[in-house]
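J.: Quick one: the structure is below, questions incoming.
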Amino acid sequence: MFSERPPLRQRGVTMVELILFIVIVGIAVGGILTVMNISTRGSVDPLRRKQALIIAEGLLEEVELARFSYCDPADPDAGDAATVKSSADCKTTPEKWGQLSPEPTDAASGRPFDNVNDYVSAPQTWTAAFDDAGGVLVDANGVALGVSGYTARLTIAPASLNGIGSDTDTAADTDVLRITVQVSYDGGSVTLDGYRTRYAPNHL
């Protein structure tokens, strides 16, 4: 007597399951490749931003280290604290915005200037104060920084800190200045602010 064998079950995947698998894997691979592409493309940005930050810090420090005196060092009374209480007390050469006559111009490169407000010709005005005559970004000694794709500009404005100084007084002998340096690169920028107070107005 012959017994009837149960039918063999087919093994494998159906066409629908195979198509769904391919679609799911394709979406996952596409997402991974997109993330990798974005991270690879943006991996240079932190380096460029860090370099821009270093440039901005150096330029800001240069300006902050300049004198902030009432008189130009060429003035005979520039260092006389007993006589000079404001720029009006200078004998011949009060410090003004920029290097206006009779103030003598600084070195041929223009930098480093002997006073903070010599870096700009007017307050609250963006100036390419760190470029040489050819428009190249240079250091305080006039040597090209050797970095491509970076530009820098500067603005200086009167400011008020805890009741000292005035942010509406645009005279050059205000007591507080806000110094802003902006370095731009690849469509982005880094902006740093610093303050300078007139803590030693006759120090030369």
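Starting from 1 in every chain, residues are counted up; chains themselves are A, B, ... following the order of the structure tokens, and ligands are numbered from 1 as listed.
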What parts of segment 98-153 of chain A does DSSP call strand (DSSP E or B)? I'd like the answer as a VMD selection string.

T.: chain A and resid 127 131 137 to 138 144 150 to 153

J.: Restricting it to C-alpha atoms, dump the selection as an mmCIF file, in the first residue's frame.

T.:
```
data_model
loop_
_atom_site.group_PDB
_atom_site.id
_atom_site.type_symbol
_atom_site.label_atom_id
_atom_site.label_comp_id
_atom_site.auth_asym_id
_atom_site.auth_seq_id
_atom_site.Cartn_x
_atom_site.Cartn_y
_atom_site.Cartn_z
ATOM 1 C CA THR A 127 37.931 99.766 6.957
ATOM 2 C CA ASP A 131 45.672 95.300 3.719
ATOM 3 C CA LEU A 137 46.276 90.917 3.863
ATOM 4 C CA VAL A 138 49.486 91.558 5.819
ATOM 5 C CA ALA A 144 51.875 89.054 3.581
ATOM 6 C CA TYR A 150 40.666 85.390 3.570
ATOM 7 C CA THR A 151 39.786 89.066 3.878
ATOM 8 C CA ALA A 152 39.730 91.195 7.024
ATOM 9 C CA ARG A 153 38.163 94.491 7.967
#
```

J.: Quick one: everything within 10 Å of Arg49 of chain A, counting only C-alpha atoms, minus sequence neighbours fewer than 6 positions away in the same chain. Send it as a ChimeraX atom specification.

T.: /A:55,183-186,188-190

J.: Just C-alpha atoms for this one: save the residues we selected as an mmCIF file, in the first residue's frame.

T.:
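selection-v5.cif written:
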```
data_model
loop_
_atom_site.group_PDB
_atom_site.id
_atom_site.type_symbol
_atom_site.label_atom_id
_atom_site.label_comp_id
_atom_site.auth_asym_id
_atom_site.auth_seq_id
_atom_site.Cartn_x
_atom_site.Cartn_y
_atom_site.Cartn_z
ATOM 1 C CA ILE A 55 43.830 85.604 12.045
ATOM 2 C CA VAL A 183 37.593 87.915 8.889
ATOM 3 C CA SER A 184 35.665 86.473 5.938
ATOM 4 C CA TYR A 185 36.306 83.226 4.066
ATOM 5 C CA ASP A 186 34.400 80.932 1.680
ATOM 6 C CA GLY A 188 31.457 82.560 6.050
ATOM 7 C CA SER A 189 32.952 84.959 8.555
ATOM 8 C CA VAL A 190 34.319 85.253 12.079
#
```

J.: Would you give me, as a PDB file with N, CA and C atoms, in the first residue's frame, the residues in segment 22-97 of chain A that DSSP reads as helix (DSSP H, G or I)?

T.:
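Writing done, so here's result.pdb:
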```pdb
ATOM      1  N   ILE A  22      15.316  45.207  -2.302  1.00  0.00           N
ATOM      2  CA  ILE A  22      16.181  46.077  -3.104  1.00  0.00           C
ATOM      3  C   ILE A  22      15.860  47.547  -2.832  1.00  0.00           C
ATOM      4  N   VAL A  23      14.569  47.867  -2.727  1.00  0.00           N
ATOM      5  CA  VAL A  23      14.168  49.254  -2.473  1.00  0.00           C
ATOM      6  C   VAL A  23      14.666  49.721  -1.113  1.00  0.00           C
ATOM      7  N   ILE A  24      14.486  48.910  -0.082  1.00  0.00           N
ATOM      8  CA  ILE A  24      14.901  49.292   1.279  1.00  0.00           C
ATOM      9  C   ILE A  24      16.410  49.468   1.364  1.00  0.00           C
ATOM     10  N   VAL A  25      17.150  48.525   0.808  1.00  0.00           N
ATOM     11  CA  VAL A  25      18.613  48.620   0.819  1.00  0.00           C
ATOM     12  C   VAL A  25      19.070  49.837   0.016  1.00  0.00           C
ATOM     13  N   GLY A  26      18.420  50.097  -1.119  1.00  0.00           N
ATOM     14  CA  GLY A  26      18.778  51.257  -1.933  1.00  0.00           C
ATOM     15  C   GLY A  26      18.578  52.569  -1.182  1.00  0.00           C
ATOM     16  N   ILE A  27      17.463  52.672  -0.457  1.00  0.00           N
ATOM     17  CA  ILE A  27      17.204  53.883   0.335  1.00  0.00           C
ATOM     18  C   ILE A  27      18.249  54.043   1.429  1.00  0.00           C
ATOM     19  N   ALA A  28      18.576  52.931   2.123  1.00  0.00           N
ATOM     20  CA  ALA A  28      19.565  52.989   3.207  1.00  0.00           C
ATOM     21  C   ALA A  28      20.939  53.383   2.681  1.00  0.00           C
ATOM     22  N   VAL A  29      21.352  52.780   1.582  1.00  0.00           N
ATOM     23  CA  VAL A  29      22.660  53.106   1.003  1.00  0.00           C
ATOM     24  C   VAL A  29      22.694  54.557   0.534  1.00  0.00           C
ATOM     25  N   GLY A  30      21.604  55.015  -0.073  1.00  0.00           N
ATOM     26  CA  GLY A  30      21.522  56.410  -0.513  1.00  0.00           C
ATOM     27  C   GLY A  30      21.660  57.379   0.650  1.00  0.00           C
ATOM     28  N   GLY A  31      20.997  57.065   1.774  1.00  0.00           N
ATOM     29  CA  GLY A  31      21.107  57.919   2.960  1.00  0.00           C
ATOM     30  C   GLY A  31      22.514  57.952   3.516  1.00  0.00           C
ATOM     31  N   ILE A  32      23.157  56.799   3.569  1.00  0.00           N
ATOM     32  CA  ILE A  32      24.532  56.731   4.077  1.00  0.00           C
ATOM     33  C   ILE A  32      25.486  57.515   3.181  1.00  0.00           C
ATOM     34  N   LEU A  33      25.329  57.360   1.869  1.00  0.00           N
ATOM     35  CA  LEU A  33      26.200  58.089   0.937  1.00  0.00           C
ATOM     36  C   LEU A  33      25.985  59.596   1.036  1.00  0.00           C
ATOM     37  N   THR A  34      24.736  60.012   1.247  1.00  0.00           N
ATOM     38  CA  THR A  34      24.455  61.450   1.394  1.00  0.00           C
ATOM     39  C   THR A  34      25.143  62.008   2.625  1.00  0.00           C
ATOM     40  N   VAL A  35      25.045  61.296   3.749  1.00  0.00           N
ATOM     41  CA  VAL A  35      25.689  61.734   4.991  1.00  0.00           C
ATOM     42  C   VAL A  35      27.206  61.794   4.812  1.00  0.00           C
ATOM     43  N   MET A  36      27.761  60.779   4.183  1.00  0.00           N
ATOM     44  CA  MET A  36      29.214  60.761   3.954  1.00  0.00           C
ATOM     45  C   MET A  36      29.640  61.903   3.052  1.00  0.00           C
ATOM     46  N   ASN A  37      28.838  62.205   2.029  1.00  0.00           N
ATOM     47  CA  ASN A  37      29.164  63.292   1.105  1.00  0.00           C
ATOM     48  C   ASN A  37      29.149  64.638   1.828  1.00  0.00           C
ATOM     49  N   ILE A  38      28.137  64.852   2.678  1.00  0.00           N
ATOM     50  CA  ILE A  38      28.038  66.112   3.420  1.00  0.00           C
ATOM     51  C   ILE A  38      29.201  66.256   4.396  1.00  0.00           C
ATOM     52  N   SER A  39      29.515  65.183   5.117  1.00  0.00           N
ATOM     53  CA  SER A  39      30.604  65.261   6.096  1.00  0.00           C
ATOM     54  C   SER A  39      31.957  65.453   5.416  1.00  0.00           C
ATOM     55  N   THR A  40      32.141  64.826   4.248  1.00  0.00           N
ATOM     56  CA  THR A  40      33.399  64.992   3.516  1.00  0.00           C
ATOM     57  C   THR A  40      33.527  66.414   2.981  1.00  0.00           C
ATOM     58  N   ARG A  41      32.420  66.940   2.444  1.00  0.00           N
ATOM     59  CA  ARG A  41      32.441  68.289   1.898  1.00  0.00           C
ATOM     60  C   ARG A  41      32.658  69.332   2.994  1.00  0.00           C
ATOM     61  N   GLY A  42      32.100  69.091   4.173  1.00  0.00           N
ATOM     62  CA  GLY A  42      32.216  70.064   5.255  1.00  0.00           C
ATOM     63  C   GLY A  42      33.380  69.829   6.189  1.00  0.00           C
ATOM     64  N   ASP A  45      35.684  72.849   6.520  1.00  0.00           N
ATOM     65  CA  ASP A  45      35.156  74.067   7.128  1.00  0.00           C
ATOM     66  C   ASP A  45      35.704  74.348   8.519  1.00  0.00           C
ATOM     67  N   PRO A  46      35.759  73.372   9.419  1.00  0.00           N
ATOM     68  CA  PRO A  46      36.313  73.678  10.746  1.00  0.00           C
ATOM     69  C   PRO A  46      37.747  74.177  10.684  1.00  0.00           C
ATOM     70  N   LEU A  47      38.543  73.650   9.769  1.00  0.00           N
ATOM     71  CA  LEU A  47      39.929  74.096   9.632  1.00  0.00           C
ATOM     72  C   LEU A  47      39.981  75.535   9.133  1.00  0.00           C
ATOM     73  N   ARG A  48      39.167  75.845   8.132  1.00  0.00           N
ATOM     74  CA  ARG A  48      39.130  77.206   7.587  1.00  0.00           C
ATOM     75  C   ARG A  48      38.623  78.183   8.646  1.00  0.00           C
ATOM     76  N   ARG A  49      37.613  77.773   9.390  1.00  0.00           N
ATOM     77  CA  ARG A  49      37.060  78.647  10.433  1.00  0.00           C
ATOM     78  C   ARG A  49      38.081  78.873  11.542  1.00  0.00           C
ATOM     79  N   LYS A  50      38.784  77.808  11.910  1.00  0.00           N
ATOM     80  CA  LYS A  50      39.793  77.948  12.963  1.00  0.00           C
ATOM     81  C   LYS A  50      40.918  78.875  12.504  1.00  0.00           C
ATOM     82  N   GLN A  51      41.315  78.766  11.249  1.00  0.00           N
ATOM     83  CA  GLN A  51      42.356  79.641  10.723  1.00  0.00           C
ATOM     84  C   GLN A  51      41.875  81.094  10.688  1.00  0.00           C
ATOM     85  N   ALA A  52      40.596  81.297  10.319  1.00  0.00           N
ATOM     86  CA  ALA A  52      40.028  82.644  10.323  1.00  0.00           C
ATOM     87  C   ALA A  52      40.000  83.209  11.734  1.00  0.00           C
ATOM     88  N   LEU A  53      39.701  82.361  12.710  1.00  0.00           N
ATOM     89  CA  LEU A  53      39.674  82.793  14.110  1.00  0.00           C
ATOM     90  C   LEU A  53      41.063  83.201  14.591  1.00  0.00           C
ATOM     91  N   ILE A  54      42.075  82.444  14.194  1.00  0.00           N
ATOM     92  CA  ILE A  54      43.448  82.771  14.568  1.00  0.00           C
ATOM     93  C   ILE A  54      43.859  84.121  13.968  1.00  0.00           C
ATOM     94  N   ILE A  55      43.509  84.334  12.702  1.00  0.00           N
ATOM     95  CA  ILE A  55      43.830  85.604  12.045  1.00  0.00           C
ATOM     96  C   ILE A  55      43.135  86.748  12.762  1.00  0.00           C
ATOM     97  N   ALA A  56      41.842  86.578  13.062  1.00  0.00           N
ATOM     98  CA  ALA A  56      41.072  87.637  13.723  1.00  0.00           C
ATOM     99  C   ALA A  56      41.631  87.942  15.110  1.00  0.00           C
ATOM    100  N   GLU A  57      42.018  86.915  15.852  1.00  0.00           N
ATOM    101  CA  GLU A  57      42.583  87.136  17.192  1.00  0.00           C
ATOM    102  C   GLU A  57      43.883  87.930  17.116  1.00  0.00           C
ATOM    103  N   GLY A  58      44.731  87.589  16.149  1.00  0.00           N
ATOM    104  CA  GLY A  58      46.000  88.297  16.003  1.00  0.00           C
ATOM    105  C   GLY A  58      45.804  89.756  15.627  1.00  0.00           C
ATOM    106  N   LEU A  59      44.871  90.022  14.706  1.00  0.00           N
ATOM    107  CA  LEU A  59      44.625  91.397  14.275  1.00  0.00           C
ATOM    108  C   LEU A  59      43.983  92.219  15.388  1.00  0.00           C
ATOM    109  N   LEU A  60      43.056  91.608  16.114  1.00  0.00           N
ATOM    110  CA  LEU A  60      42.419  92.311  17.234  1.00  0.00           C
ATOM    111  C   LEU A  60      43.445  92.656  18.304  1.00  0.00           C
ATOM    112  N   GLU A  61      44.324  91.710  18.602  1.00  0.00           N
ATOM    113  CA  GLU A  61      45.357  91.965  19.610  1.00  0.00           C
ATOM    114  C   GLU A  61      46.286  93.098  19.178  1.00  0.00           C
ATOM    115  N   GLU A  62      46.607  93.153  17.891  1.00  0.00           N
ATOM    116  CA  GLU A  62      47.466  94.230  17.396  1.00  0.00           C
ATOM    117  C   GLU A  62      46.857  95.594  17.689  1.00  0.00           C
ATOM    118  N   VAL A  63      45.563  95.735  17.399  1.00  0.00           N
ATOM    119  CA  VAL A  63      44.893  97.019  17.612  1.00  0.00           C
ATOM    120  C   VAL A  63      44.797  97.337  19.102  1.00  0.00           C
ATOM    121  N   GLU A  64      44.468  96.333  19.902  1.00  0.00           N
ATOM    122  CA  GLU A  64      44.312  96.556  21.342  1.00  0.00           C
ATOM    123  C   GLU A  64      45.625  96.945  22.016  1.00  0.00           C
ATOM    124  N   SER A  87      42.509 115.876  24.677  1.00  0.00           N
ATOM    125  CA  SER A  87      43.221 116.164  23.430  1.00  0.00           C
ATOM    126  C   SER A  87      43.334 117.669  23.186  1.00  0.00           C
ATOM    127  N   ALA A  88      42.462 118.455  23.815  1.00  0.00           N
ATOM    128  CA  ALA A  88      42.524 119.917  23.654  1.00  0.00           C
ATOM    129  C   ALA A  88      43.755 120.509  24.330  1.00  0.00           C
ATOM    130  N   ASP A  89      44.366 119.764  25.263  1.00  0.00           N
ATOM    131  CA  ASP A  89      45.533 120.267  25.985  1.00  0.00           C
ATOM    132  C   ASP A  89      46.852 119.978  25.266  1.00  0.00           C
TER     133      ASP A  89
END
```

J.: Looking at only C-alpha atoms, which of A:Gly194, A:Arg178, A:Gly134, A:Asn202 is the one that sits closest to Glu95 of chain A?

T.: A:Asn202

J.: Can you tell me which residues surround Val181 of chain A at a distance of at most 6 Å, considering only C-alpha atoms, apart from same-chain residues fewer than 2 positions away, and format the answer as JSON, numbers by chain?

T.: {"A": [153, 154, 191, 192]}

J.: Keeping only C-alpha atoms, write the selected residues as a short mmCIF file (atom, residue, chain, number, x, y, z; two decimals), in the first residue's frame.

T.:
```cif
data_model
loop_
_atom_site.label_atom_id
_atom_site.label_comp_id
_atom_site.auth_asym_id
_atom_site.auth_seq_id
_atom_site.Cartn_x
_atom_site.Cartn_y
_atom_site.Cartn_z
CA ARG A 153 38.16 94.49 7.97
CA LEU A 154 37.95 96.63 11.07
CA THR A 191 33.74 88.46 14.06
CA LEU A 192 35.57 89.34 17.28
#
```

J.: Using only C-alpha atoms, pick whichever of A:Val16, A:Ala81, A:Leu204, A:Ala122 has the shortest atom-to-atom distance to Ala171 of chain A.

T.: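 Checking each of A:Val16, A:Ala81, A:Leu204, A:Ala122 against Ala171 of chain A, counting only C-alpha atoms, the winner is A:Ala122.
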
J.: Provide the atom CA of Gly142 of chain A to atom CA of Asp173 of chain A distance in Å, to one decimal place.

T.: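 Spanning atom CA of Gly142 of chain A to atom CA of Asp173 of chain A is a straight-line distance of 27.8 Å.
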
J.: Excluding same-chain residues fewer than 2 positions from segment 163-169 of chain A, what lies within 12 Å of it counting only C-alpha atoms, as a list of chain:residue names?

T.: A:Pro123, A:Gln124, A:Ile156, A:Ala157, A:Pro158, A:Ala159, A:Ser160, A:Leu161, A:Ala171, A:Ala172, A:Asp173, A:Thr174, A:Asp175, A:Val176, A:Leu177, A:Arg178, A:Tyr195, A:Arg196, A:Thr197, A:Arg198, A:Tyr199

J.: Dump N, CA and C atoms for the selected residues as a PDB file, in the first residue's frame?

T.:
```pdb
ATOM      1  N   PRO A 123      35.048 106.944  12.951  1.00  0.00           N
ATOM      2  CA  PRO A 123      34.438 105.930  13.809  1.00  0.00           C
ATOM      3  C   PRO A 123      33.256 105.255  13.130  1.00  0.00           C
ATOM      4  N   GLN A 124      32.969 104.020  13.549  1.00  0.00           N
ATOM      5  CA  GLN A 124      31.811 103.266  13.066  1.00  0.00           C
ATOM      6  C   GLN A 124      31.820 103.079  11.546  1.00  0.00           C
ATOM      7  N   ILE A 156      35.966 100.677  14.481  1.00  0.00           N
ATOM      8  CA  ILE A 156      36.173 101.127  15.858  1.00  0.00           C
ATOM      9  C   ILE A 156      35.091 102.146  16.177  1.00  0.00           C
ATOM     10  N   ALA A 157      34.456 101.972  17.309  1.00  0.00           N
ATOM     11  CA  ALA A 157      33.364 102.873  17.679  1.00  0.00           C
ATOM     12  C   ALA A 157      33.464 103.245  19.151  1.00  0.00           C
ATOM     13  N   PRO A 158      33.130 104.480  19.499  1.00  0.00           N
ATOM     14  CA  PRO A 158      33.053 104.848  20.908  1.00  0.00           C
ATOM     15  C   PRO A 158      32.035 103.957  21.624  1.00  0.00           C
ATOM     16  N   ALA A 159      32.300 103.647  22.881  1.00  0.00           N
ATOM     17  CA  ALA A 159      31.423 102.753  23.628  1.00  0.00           C
ATOM     18  C   ALA A 159      31.292 103.220  25.064  1.00  0.00           C
ATOM     19  N   SER A 160      30.344 102.615  25.763  1.00  0.00           N
ATOM     20  CA  SER A 160      30.117 102.919  27.176  1.00  0.00           C
ATOM     21  C   SER A 160      30.202 101.625  27.966  1.00  0.00           C
ATOM     22  N   LEU A 161      31.016 101.637  29.023  1.00  0.00           N
ATOM     23  CA  LEU A 161      31.164 100.483  29.900  1.00  0.00           C
ATOM     24  C   LEU A 161      30.965 100.921  31.344  1.00  0.00           C
ATOM     25  N   ALA A 171      33.873 111.813  19.308  1.00  0.00           N
ATOM     26  CA  ALA A 171      35.161 112.505  19.378  1.00  0.00           C
ATOM     27  C   ALA A 171      36.272 111.495  19.595  1.00  0.00           C
ATOM     28  N   ALA A 172      37.459 111.830  19.114  1.00  0.00           N
ATOM     29  CA  ALA A 172      38.585 110.904  19.203  1.00  0.00           C
ATOM     30  C   ALA A 172      39.086 110.747  20.631  1.00  0.00           C
ATOM     31  N   ASP A 173      38.757 111.671  21.537  1.00  0.00           N
ATOM     32  CA  ASP A 173      39.250 111.537  22.902  1.00  0.00           C
ATOM     33  C   ASP A 173      38.207 110.947  23.850  1.00  0.00           C
ATOM     34  N   THR A 174      37.286 110.131  23.308  1.00  0.00           N
ATOM     35  CA  THR A 174      36.375 109.378  24.147  1.00  0.00           C
ATOM     36  C   THR A 174      37.174 108.406  25.013  1.00  0.00           C
ATOM     37  N   ASP A 175      36.597 107.923  26.106  1.00  0.00           N
ATOM     38  CA  ASP A 175      37.357 107.108  27.061  1.00  0.00           C
ATOM     39  C   ASP A 175      37.294 105.605  26.794  1.00  0.00           C
ATOM     40  N   VAL A 176      36.345 105.152  25.985  1.00  0.00           N
ATOM     41  CA  VAL A 176      36.204 103.718  25.709  1.00  0.00           C
ATOM     42  C   VAL A 176      35.962 103.509  24.218  1.00  0.00           C
ATOM     43  N   LEU A 177      36.654 102.540  23.655  1.00  0.00           N
ATOM     44  CA  LEU A 177      36.454 102.189  22.251  1.00  0.00           C
ATOM     45  C   LEU A 177      36.085 100.716  22.137  1.00  0.00           C
ATOM     46  N   ARG A 178      35.158 100.429  21.256  1.00  0.00           N
ATOM     47  CA  ARG A 178      34.821  99.040  20.917  1.00  0.00           C
ATOM     48  C   ARG A 178      35.481  98.721  19.587  1.00  0.00           C
ATOM     49  N   TYR A 195      37.452  95.619  23.724  1.00  0.00           N
ATOM     50  CA  TYR A 195      37.301  96.987  24.224  1.00  0.00           C
ATOM     51  C   TYR A 195      38.651  97.531  24.661  1.00  0.00           C
ATOM     52  N   ARG A 196      38.819  98.817  24.458  1.00  0.00           N
ATOM     53  CA  ARG A 196      40.028  99.480  24.918  1.00  0.00           C
ATOM     54  C   ARG A 196      39.607 100.710  25.711  1.00  0.00           C
ATOM     55  N   THR A 197      40.088 100.799  26.933  1.00  0.00           N
ATOM     56  CA  THR A 197      39.803 101.957  27.779  1.00  0.00           C
ATOM     57  C   THR A 197      41.032 102.842  27.867  1.00  0.00           C
ATOM     58  N   ARG A 198      40.805 104.105  28.133  1.00  0.00           N
ATOM     59  CA  ARG A 198      41.909 105.058  28.211  1.00  0.00           C
ATOM     60  C   ARG A 198      42.464 105.041  29.639  1.00  0.00           C
ATOM     61  N   TYR A 199      43.148 103.944  29.970  1.00  0.00           N
ATOM     62  CA  TYR A 199      43.654 103.790  31.334  1.00  0.00           C
ATOM     63  C   TYR A 199      44.994 104.511  31.550  1.00  0.00           C
TER      64      TYR A 199
END
```
